[in-house]
$ cat protein-v1.cif   # mmCIF, N, CA and C atoms
data_model
loop_
_atom_site.label_atom_id
_atom_site.label_comp_id
_atom_site.auth_asym_id
_atom_site.auth_seq_id
_atom_site.Cartn_x
_atom_site.Cartn_y
_atom_site.Cartn_z
N MET L 1 -16.63 -1.32 19.24
CA MET L 1 -16.89 -0.32 18.21
C MET L 1 -17.82 -0.92 17.16
N PRO L 2 -18.86 -0.19 16.79
CA PRO L 2 -19.74 -0.68 15.72
C PRO L 2 -18.98 -0.82 14.40
N LEU L 3 -19.36 -1.82 13.64
CA LEU L 3 -18.80 -2.05 12.31
C LEU L 3 -19.96 -2.16 11.35
N ILE L 4 -19.98 -1.30 10.34
CA ILE L 4 -21.04 -1.33 9.34
C ILE L 4 -20.42 -1.55 7.97
N GLU L 5 -21.23 -2.07 7.06
CA GLU L 5 -20.78 -2.32 5.69
C GLU L 5 -21.90 -1.95 4.74
N GLY L 6 -21.52 -1.61 3.52
CA GLY L 6 -22.53 -1.33 2.51
C GLY L 6 -21.90 -0.94 1.19
N PRO L 7 -22.73 -0.84 0.17
CA PRO L 7 -22.23 -0.44 -1.14
C PRO L 7 -22.11 1.07 -1.26
N PHE L 8 -21.30 1.50 -2.20
CA PHE L 8 -21.27 2.92 -2.56
C PHE L 8 -20.92 3.05 -4.03
N GLN L 9 -21.37 4.15 -4.60
CA GLN L 9 -21.03 4.49 -5.98
C GLN L 9 -20.08 5.68 -5.93
N VAL L 10 -19.13 5.70 -6.86
CA VAL L 10 -18.18 6.80 -6.91
C VAL L 10 -18.02 7.25 -8.35
N THR L 11 -17.95 8.57 -8.51
CA THR L 11 -17.65 9.19 -9.81
C THR L 11 -16.40 10.03 -9.63
N LEU L 12 -15.41 9.79 -10.48
CA LEU L 12 -14.17 10.57 -10.47
C LEU L 12 -14.17 11.48 -11.70
N SER L 13 -13.96 12.76 -11.48
CA SER L 13 -13.94 13.73 -12.58
C SER L 13 -12.57 14.40 -12.63
N PRO L 14 -11.83 14.24 -13.75
CA PRO L 14 -10.51 14.88 -13.86
C PRO L 14 -10.60 16.39 -13.70
N GLN L 15 -9.62 16.95 -12.99
CA GLN L 15 -9.54 18.39 -12.74
C GLN L 15 -8.14 18.87 -13.14
N PRO L 16 -8.00 20.15 -13.46
CA PRO L 16 -6.67 20.66 -13.81
C PRO L 16 -5.74 20.67 -12.60
N VAL L 17 -4.46 20.52 -12.86
CA VAL L 17 -3.44 20.63 -11.81
C VAL L 17 -2.59 21.86 -12.08
N HIS L 18 -1.83 22.27 -11.09
CA HIS L 18 -0.89 23.37 -11.23
C HIS L 18 0.00 23.11 -12.44
N ALA L 19 0.33 24.13 -13.21
CA ALA L 19 1.08 23.98 -14.45
C ALA L 19 2.37 23.18 -14.27
N GLN L 20 3.11 23.43 -13.18
CA GLN L 20 4.37 22.70 -12.98
C GLN L 20 4.16 21.27 -12.52
N ALA L 21 2.91 20.90 -12.16
CA ALA L 21 2.62 19.53 -11.74
C ALA L 21 2.07 18.68 -12.88
N GLU L 22 1.77 19.31 -14.02
CA GLU L 22 1.22 18.55 -15.16
C GLU L 22 2.18 17.44 -15.55
N GLY L 23 1.62 16.27 -15.78
CA GLY L 23 2.43 15.12 -16.15
C GLY L 23 2.97 14.36 -14.96
N ALA L 24 3.04 14.99 -13.81
CA ALA L 24 3.54 14.31 -12.61
C ALA L 24 2.39 13.86 -11.71
N PHE L 25 1.30 14.65 -11.68
CA PHE L 25 0.17 14.36 -10.81
C PHE L 25 -1.11 14.33 -11.60
N GLY L 26 -2.08 13.61 -11.09
CA GLY L 26 -3.45 13.67 -11.57
C GLY L 26 -4.31 14.19 -10.44
N ARG L 27 -5.29 14.99 -10.75
CA ARG L 27 -6.20 15.53 -9.75
C ARG L 27 -7.62 15.16 -10.14
N MET L 28 -8.40 14.70 -9.17
CA MET L 28 -9.76 14.26 -9.43
C MET L 28 -10.72 14.84 -8.40
N ALA L 29 -11.91 15.17 -8.84
CA ALA L 29 -13.01 15.49 -7.92
C ALA L 29 -13.73 14.17 -7.64
N LEU L 30 -14.05 13.93 -6.37
CA LEU L 30 -14.76 12.72 -5.95
C LEU L 30 -16.21 13.05 -5.65
N ASP L 31 -17.12 12.26 -6.17
CA ASP L 31 -18.54 12.34 -5.82
C ASP L 31 -18.97 10.92 -5.46
N LYS L 32 -19.44 10.73 -4.22
CA LYS L 32 -19.83 9.40 -3.75
C LYS L 32 -21.26 9.41 -3.21
N ARG L 33 -21.85 8.23 -3.26
CA ARG L 33 -23.15 8.00 -2.64
C ARG L 33 -23.05 6.69 -1.85
N PHE L 34 -23.07 6.81 -0.51
CA PHE L 34 -23.00 5.65 0.38
C PHE L 34 -24.42 5.16 0.67
N GLU L 35 -24.58 3.85 0.76
CA GLU L 35 -25.88 3.26 1.08
C GLU L 35 -25.74 2.33 2.28
N GLY L 36 -26.86 2.06 2.92
CA GLY L 36 -26.85 1.18 4.09
C GLY L 36 -26.89 2.01 5.36
N ALA L 37 -26.21 1.52 6.41
CA ALA L 37 -26.20 2.23 7.69
C ALA L 37 -25.52 3.59 7.58
N LEU L 38 -24.67 3.77 6.59
CA LEU L 38 -24.13 5.09 6.25
C LEU L 38 -24.89 5.55 5.01
N ASP L 39 -25.89 6.37 5.23
CA ASP L 39 -26.75 6.89 4.17
C ASP L 39 -26.32 8.33 3.93
N ALA L 40 -25.35 8.51 3.03
CA ALA L 40 -24.71 9.82 2.94
C ALA L 40 -24.12 10.06 1.56
N SER L 41 -23.78 11.32 1.33
CA SER L 41 -23.05 11.72 0.13
C SER L 41 -21.65 12.15 0.53
N GLY L 42 -20.68 11.91 -0.33
CA GLY L 42 -19.31 12.34 -0.10
C GLY L 42 -18.83 13.17 -1.27
N ARG L 43 -18.12 14.25 -0.96
CA ARG L 43 -17.51 15.11 -1.98
C ARG L 43 -16.07 15.34 -1.57
N GLY L 44 -15.15 15.25 -2.53
CA GLY L 44 -13.76 15.43 -2.15
C GLY L 44 -12.84 15.74 -3.30
N GLU L 45 -11.56 15.83 -2.95
CA GLU L 45 -10.48 16.11 -3.89
C GLU L 45 -9.38 15.08 -3.70
N MET L 46 -8.85 14.57 -4.80
CA MET L 46 -7.80 13.56 -4.75
C MET L 46 -6.63 13.98 -5.63
N LEU L 47 -5.42 13.77 -5.13
CA LEU L 47 -4.20 13.92 -5.92
C LEU L 47 -3.55 12.54 -6.01
N ALA L 48 -3.10 12.18 -7.21
CA ALA L 48 -2.49 10.86 -7.42
C ALA L 48 -1.25 11.00 -8.29
N ALA L 49 -0.32 10.07 -8.11
CA ALA L 49 0.89 10.02 -8.93
C ALA L 49 1.27 8.57 -9.15
N MET L 50 1.75 8.30 -10.34
CA MET L 50 2.25 6.96 -10.67
C MET L 50 3.75 7.05 -10.88
N SER L 51 4.44 6.00 -10.49
CA SER L 51 5.88 5.97 -10.72
C SER L 51 6.16 5.30 -12.07
N ALA L 52 7.42 5.23 -12.43
CA ALA L 52 7.81 4.58 -13.68
C ALA L 52 7.72 3.06 -13.57
N VAL L 53 7.59 2.54 -12.36
CA VAL L 53 7.50 1.09 -12.15
C VAL L 53 6.04 0.69 -12.18
N LYS L 54 5.69 -0.27 -13.03
CA LYS L 54 4.31 -0.73 -13.14
C LYS L 54 3.80 -1.21 -11.78
N GLY L 55 2.59 -0.75 -11.41
CA GLY L 55 1.97 -1.17 -10.17
C GLY L 55 2.38 -0.37 -8.95
N SER L 56 3.16 0.70 -9.15
CA SER L 56 3.56 1.55 -8.02
C SER L 56 2.99 2.95 -8.21
N ALA L 57 2.27 3.42 -7.17
CA ALA L 57 1.60 4.72 -7.24
C ALA L 57 1.21 5.14 -5.84
N GLY L 58 0.73 6.39 -5.74
CA GLY L 58 0.25 6.88 -4.46
C GLY L 58 -0.86 7.89 -4.67
N TYR L 59 -1.72 8.02 -3.65
CA TYR L 59 -2.74 9.06 -3.70
C TYR L 59 -3.05 9.55 -2.29
N VAL L 60 -3.52 10.78 -2.24
CA VAL L 60 -4.06 11.38 -1.02
C VAL L 60 -5.38 12.03 -1.38
N ALA L 61 -6.28 12.09 -0.42
CA ALA L 61 -7.58 12.74 -0.67
C ALA L 61 -8.18 13.20 0.64
N LEU L 62 -8.99 14.23 0.53
CA LEU L 62 -9.86 14.69 1.62
C LEU L 62 -11.28 14.62 1.10
N GLU L 63 -12.18 14.14 1.96
CA GLU L 63 -13.57 13.94 1.57
C GLU L 63 -14.49 14.43 2.68
N LYS L 64 -15.51 15.19 2.30
CA LYS L 64 -16.54 15.65 3.23
C LYS L 64 -17.77 14.76 3.05
N VAL L 65 -18.17 14.09 4.13
CA VAL L 65 -19.31 13.17 4.10
C VAL L 65 -20.45 13.81 4.89
N GLU L 66 -21.65 13.83 4.30
CA GLU L 66 -22.82 14.42 4.96
C GLU L 66 -24.03 13.51 4.75
N GLY L 67 -24.77 13.27 5.85
CA GLY L 67 -25.96 12.44 5.78
C GLY L 67 -26.27 11.86 7.14
N ALA L 68 -26.52 10.54 7.18
CA ALA L 68 -26.87 9.88 8.43
C ALA L 68 -26.01 8.63 8.62
N LEU L 69 -25.57 8.42 9.85
CA LEU L 69 -24.81 7.25 10.25
C LEU L 69 -25.62 6.54 11.34
N ASP L 70 -26.13 5.37 11.01
CA ASP L 70 -27.00 4.64 11.95
C ASP L 70 -28.09 5.55 12.50
N GLY L 71 -28.68 6.38 11.63
CA GLY L 71 -29.80 7.24 12.01
C GLY L 71 -29.43 8.57 12.63
N ARG L 72 -28.14 8.79 12.90
CA ARG L 72 -27.70 10.07 13.48
C ARG L 72 -27.22 10.97 12.35
N ARG L 73 -27.80 12.17 12.24
CA ARG L 73 -27.52 13.08 11.13
C ARG L 73 -26.35 14.00 11.44
N GLY L 74 -25.57 14.27 10.40
CA GLY L 74 -24.45 15.19 10.53
C GLY L 74 -23.45 14.96 9.42
N GLY L 75 -22.23 15.37 9.69
CA GLY L 75 -21.17 15.23 8.70
C GLY L 75 -19.83 15.00 9.37
N PHE L 76 -18.84 14.66 8.53
CA PHE L 76 -17.47 14.46 9.01
C PHE L 76 -16.53 14.44 7.82
N LEU L 77 -15.25 14.55 8.11
CA LEU L 77 -14.22 14.53 7.08
C LEU L 77 -13.45 13.22 7.13
N LEU L 78 -13.09 12.70 5.95
CA LEU L 78 -12.24 11.53 5.83
C LEU L 78 -10.92 11.92 5.17
N LEU L 79 -9.83 11.39 5.70
CA LEU L 79 -8.50 11.57 5.14
C LEU L 79 -8.07 10.24 4.54
N HIS L 80 -7.74 10.24 3.24
CA HIS L 80 -7.31 9.03 2.52
C HIS L 80 -5.81 9.10 2.26
N ARG L 81 -5.13 7.94 2.40
CA ARG L 81 -3.74 7.79 1.99
C ARG L 81 -3.61 6.40 1.41
N GLY L 82 -3.26 6.34 0.13
CA GLY L 82 -3.14 5.04 -0.52
C GLY L 82 -1.81 4.89 -1.23
N LEU L 83 -1.23 3.70 -1.11
CA LEU L 83 0.02 3.37 -1.80
C LEU L 83 -0.14 2.04 -2.52
N MET L 84 0.46 1.95 -3.68
CA MET L 84 0.61 0.69 -4.40
C MET L 84 2.11 0.50 -4.56
N ASP L 85 2.61 -0.60 -4.04
CA ASP L 85 4.04 -0.92 -4.13
C ASP L 85 4.17 -2.18 -4.97
N ARG L 86 4.35 -1.98 -6.29
CA ARG L 86 4.44 -3.08 -7.26
C ARG L 86 3.25 -4.02 -7.13
N GLY L 87 2.07 -3.40 -7.02
CA GLY L 87 0.82 -4.15 -6.96
C GLY L 87 0.33 -4.46 -5.56
N GLU L 88 1.14 -4.25 -4.54
CA GLU L 88 0.76 -4.49 -3.15
C GLU L 88 0.11 -3.22 -2.59
N ALA L 89 -1.17 -3.32 -2.23
CA ALA L 89 -1.93 -2.14 -1.80
C ALA L 89 -1.81 -1.90 -0.29
N ASP L 90 -1.72 -0.63 0.09
CA ASP L 90 -1.73 -0.19 1.48
C ASP L 90 -2.61 1.05 1.54
N LEU L 91 -3.81 0.91 2.12
CA LEU L 91 -4.79 1.98 2.13
C LEU L 91 -5.18 2.32 3.56
N SER L 92 -5.20 3.62 3.86
CA SER L 92 -5.65 4.10 5.16
C SER L 92 -6.67 5.20 4.92
N ILE L 93 -7.87 5.04 5.51
CA ILE L 93 -8.91 6.06 5.45
C ILE L 93 -9.40 6.26 6.88
N VAL L 94 -9.20 7.46 7.41
CA VAL L 94 -9.55 7.73 8.81
C VAL L 94 -10.40 8.99 8.90
N VAL L 95 -11.23 9.03 9.95
CA VAL L 95 -12.00 10.24 10.25
C VAL L 95 -11.04 11.29 10.80
N VAL L 96 -11.09 12.49 10.26
CA VAL L 96 -10.27 13.59 10.76
C VAL L 96 -10.77 13.93 12.18
N PRO L 97 -9.87 13.95 13.16
CA PRO L 97 -10.29 14.22 14.53
C PRO L 97 -11.07 15.53 14.65
N ASP L 98 -12.12 15.50 15.45
CA ASP L 98 -12.96 16.67 15.76
C ASP L 98 -13.65 17.27 14.53
N SER L 99 -13.83 16.47 13.48
CA SER L 99 -14.50 16.98 12.28
C SER L 99 -16.00 16.68 12.27
N GLY L 100 -16.50 15.88 13.21
CA GLY L 100 -17.92 15.54 13.23
C GLY L 100 -18.79 16.74 13.53
N THR L 101 -19.93 16.82 12.83
CA THR L 101 -20.89 17.91 13.03
C THR L 101 -22.26 17.31 13.34
N GLY L 102 -23.16 18.15 13.84
CA GLY L 102 -24.52 17.70 14.15
C GLY L 102 -24.48 16.58 15.17
N GLU L 103 -25.24 15.54 14.93
CA GLU L 103 -25.31 14.41 15.84
C GLU L 103 -24.09 13.49 15.75
N LEU L 104 -23.14 13.85 14.89
CA LEU L 104 -21.92 13.05 14.72
C LEU L 104 -20.71 13.70 15.38
N GLN L 105 -20.94 14.69 16.24
CA GLN L 105 -19.83 15.31 16.97
C GLN L 105 -19.14 14.25 17.83
N GLY L 106 -17.82 14.27 17.81
CA GLY L 106 -17.04 13.31 18.58
C GLY L 106 -16.77 12.01 17.85
N LEU L 107 -17.20 11.90 16.58
CA LEU L 107 -17.00 10.69 15.79
C LEU L 107 -15.51 10.42 15.58
N SER L 108 -15.13 9.15 15.71
CA SER L 108 -13.80 8.69 15.30
C SER L 108 -13.99 7.37 14.58
N GLY L 109 -13.00 6.99 13.78
CA GLY L 109 -13.11 5.70 13.11
C GLY L 109 -12.22 5.60 11.89
N ARG L 110 -12.30 4.40 11.29
CA ARG L 110 -11.53 4.13 10.07
C ARG L 110 -12.39 3.33 9.11
N MET L 111 -12.11 3.55 7.83
CA MET L 111 -12.89 2.92 6.77
C MET L 111 -11.95 2.12 5.87
N SER L 112 -12.48 1.05 5.31
CA SER L 112 -11.76 0.34 4.26
C SER L 112 -12.69 0.21 3.06
N ILE L 113 -12.09 0.01 1.90
CA ILE L 113 -12.83 -0.09 0.65
C ILE L 113 -12.50 -1.42 0.00
N ASP L 114 -13.53 -2.05 -0.53
CA ASP L 114 -13.37 -3.32 -1.24
C ASP L 114 -13.98 -3.15 -2.63
N VAL L 115 -13.17 -3.29 -3.67
CA VAL L 115 -13.66 -3.25 -5.04
C VAL L 115 -13.76 -4.69 -5.51
N ARG L 116 -14.97 -5.12 -5.78
CA ARG L 116 -15.23 -6.52 -6.12
C ARG L 116 -15.30 -6.74 -7.62
N GLU L 117 -15.39 -7.99 -7.98
CA GLU L 117 -15.47 -8.37 -9.39
C GLU L 117 -16.58 -7.57 -10.07
N GLY L 118 -16.29 -7.04 -11.23
CA GLY L 118 -17.25 -6.22 -11.95
C GLY L 118 -17.18 -4.75 -11.58
N GLY L 119 -16.32 -4.40 -10.60
CA GLY L 119 -16.11 -3.00 -10.23
C GLY L 119 -17.02 -2.46 -9.14
N ALA L 120 -17.87 -3.31 -8.53
CA ALA L 120 -18.75 -2.84 -7.46
C ALA L 120 -17.90 -2.45 -6.24
N HIS L 121 -18.23 -1.29 -5.66
CA HIS L 121 -17.50 -0.75 -4.51
C HIS L 121 -18.31 -0.97 -3.22
N PHE L 122 -17.60 -1.38 -2.15
CA PHE L 122 -18.20 -1.57 -0.84
C PHE L 122 -17.30 -0.95 0.22
N TYR L 123 -17.92 -0.42 1.27
CA TYR L 123 -17.16 0.15 2.39
C TYR L 123 -17.36 -0.71 3.63
N ARG L 124 -16.38 -0.68 4.51
CA ARG L 124 -16.47 -1.20 5.88
C ARG L 124 -16.04 -0.05 6.77
N PHE L 125 -16.88 0.31 7.73
CA PHE L 125 -16.61 1.48 8.56
C PHE L 125 -16.73 1.07 10.02
N GLU L 126 -15.61 1.11 10.71
CA GLU L 126 -15.57 0.86 12.15
C GLU L 126 -15.47 2.22 12.81
N TYR L 127 -16.43 2.54 13.68
CA TYR L 127 -16.48 3.89 14.23
C TYR L 127 -16.87 3.87 15.69
N GLN L 128 -16.66 5.03 16.31
CA GLN L 128 -17.07 5.22 17.69
C GLN L 128 -17.68 6.61 17.81
N LEU L 129 -18.78 6.68 18.56
CA LEU L 129 -19.46 7.95 18.86
C LEU L 129 -19.69 8.04 20.35
N PRO L 130 -19.61 9.25 20.90
CA PRO L 130 -19.96 9.41 22.32
C PRO L 130 -21.42 9.02 22.52
N ASP L 131 -21.77 8.63 23.70
CA ASP L 131 -23.17 8.29 24.00
C ASP L 131 -24.05 9.49 23.72
N ALA L 132 -25.24 9.22 23.21
CA ALA L 132 -26.20 10.29 22.93
C ALA L 132 -26.61 10.97 24.25
N PRO L 133 -26.80 12.30 24.22
CA PRO L 133 -27.19 13.02 25.45
C PRO L 133 -28.56 12.60 25.94
#
$ encode --input "protein-v1.cif" --output "structure tokens"
Amino acid sequence: MPLIEGPFQVTLSPQPVHAQAEGAFGRMALDKRFEGALDASGRGEMLAAMSAVKGSAGYVALEKVEGALDGRRGGFLLLHRGLMDRGEADLSIVVVPDSGTGELQGLSGRMSIDVREGGAHFYRFEYQLPDAP
């Protein structure tokens, strides 16, 4: 499976939550710009919650990615699930099955995120695509 890496920028914009969820959840709009072999934009929605214990929290998100992957144009969806258990991180980001469009039909894979010193964000994306026709 090909493995690509590169930087990305992300902007999180707070959004309103359902009235009964106020104070329990945070909701954010995601805007991303991926660079490198994944030359694409991402747009999504994230829900997050923190517990009363410092360093414990969870989030879920759906993200629509559109652009080019190793020169093949199209789009796909990513499903995020993140947990912090007293500072111990567990993150899963996977391609939603059968969500690939255009030249990315049949795409599968998983992504990881690395936030480095100074706040710079980088992705690692291991993916598989059917052979080109």
$ resolve_selection --input "protein-v1.cif" --expression "the PyMOL selection byres ((chain L and resi 71) around 8)" --output "ChimeraX atom specification"
/L:36-39,67-70,72-74,103
$ resolve_selection --input "protein-v1.cif" --expression "the PyMOL selection byres ((chain L and resi 9) around 7)" --output "ChimeraX atom specification"
/L:7-8,10-11,31-35,121
$ select_by_dssp --input "protein-v1.cif" --residues "range 3-121 of chain L" --states "helix (DSSP H, G or I)" --output "PyMOL selection string"
chain L and resi 19-21+117-119
$ residues_around --input "protein-v1.cif" --residues "Gly109 in chain L" --least-positions-apart "2" --cutoff "7 Å" --atoms "only N, CA and C atoms" --output "list in words"
Ile93, Val94, Val95, Val96, Leu107, Met111, Phe125, Glu126, Tyr127 and Gln128 of chain L
$ resolve_selection --input "protein-v1.cif" --expression "the PyMOL selection byres ((chain L and resi 50) around 8)" --output "ChimeraX atom specification"
/L:23-26,48-49,51-59
$ atom_distance --input "protein-v1.cif" --atom1 "CA of Leu3 in chain L" --atom2 "CA of Arg124 in chain L"
6.9 Å
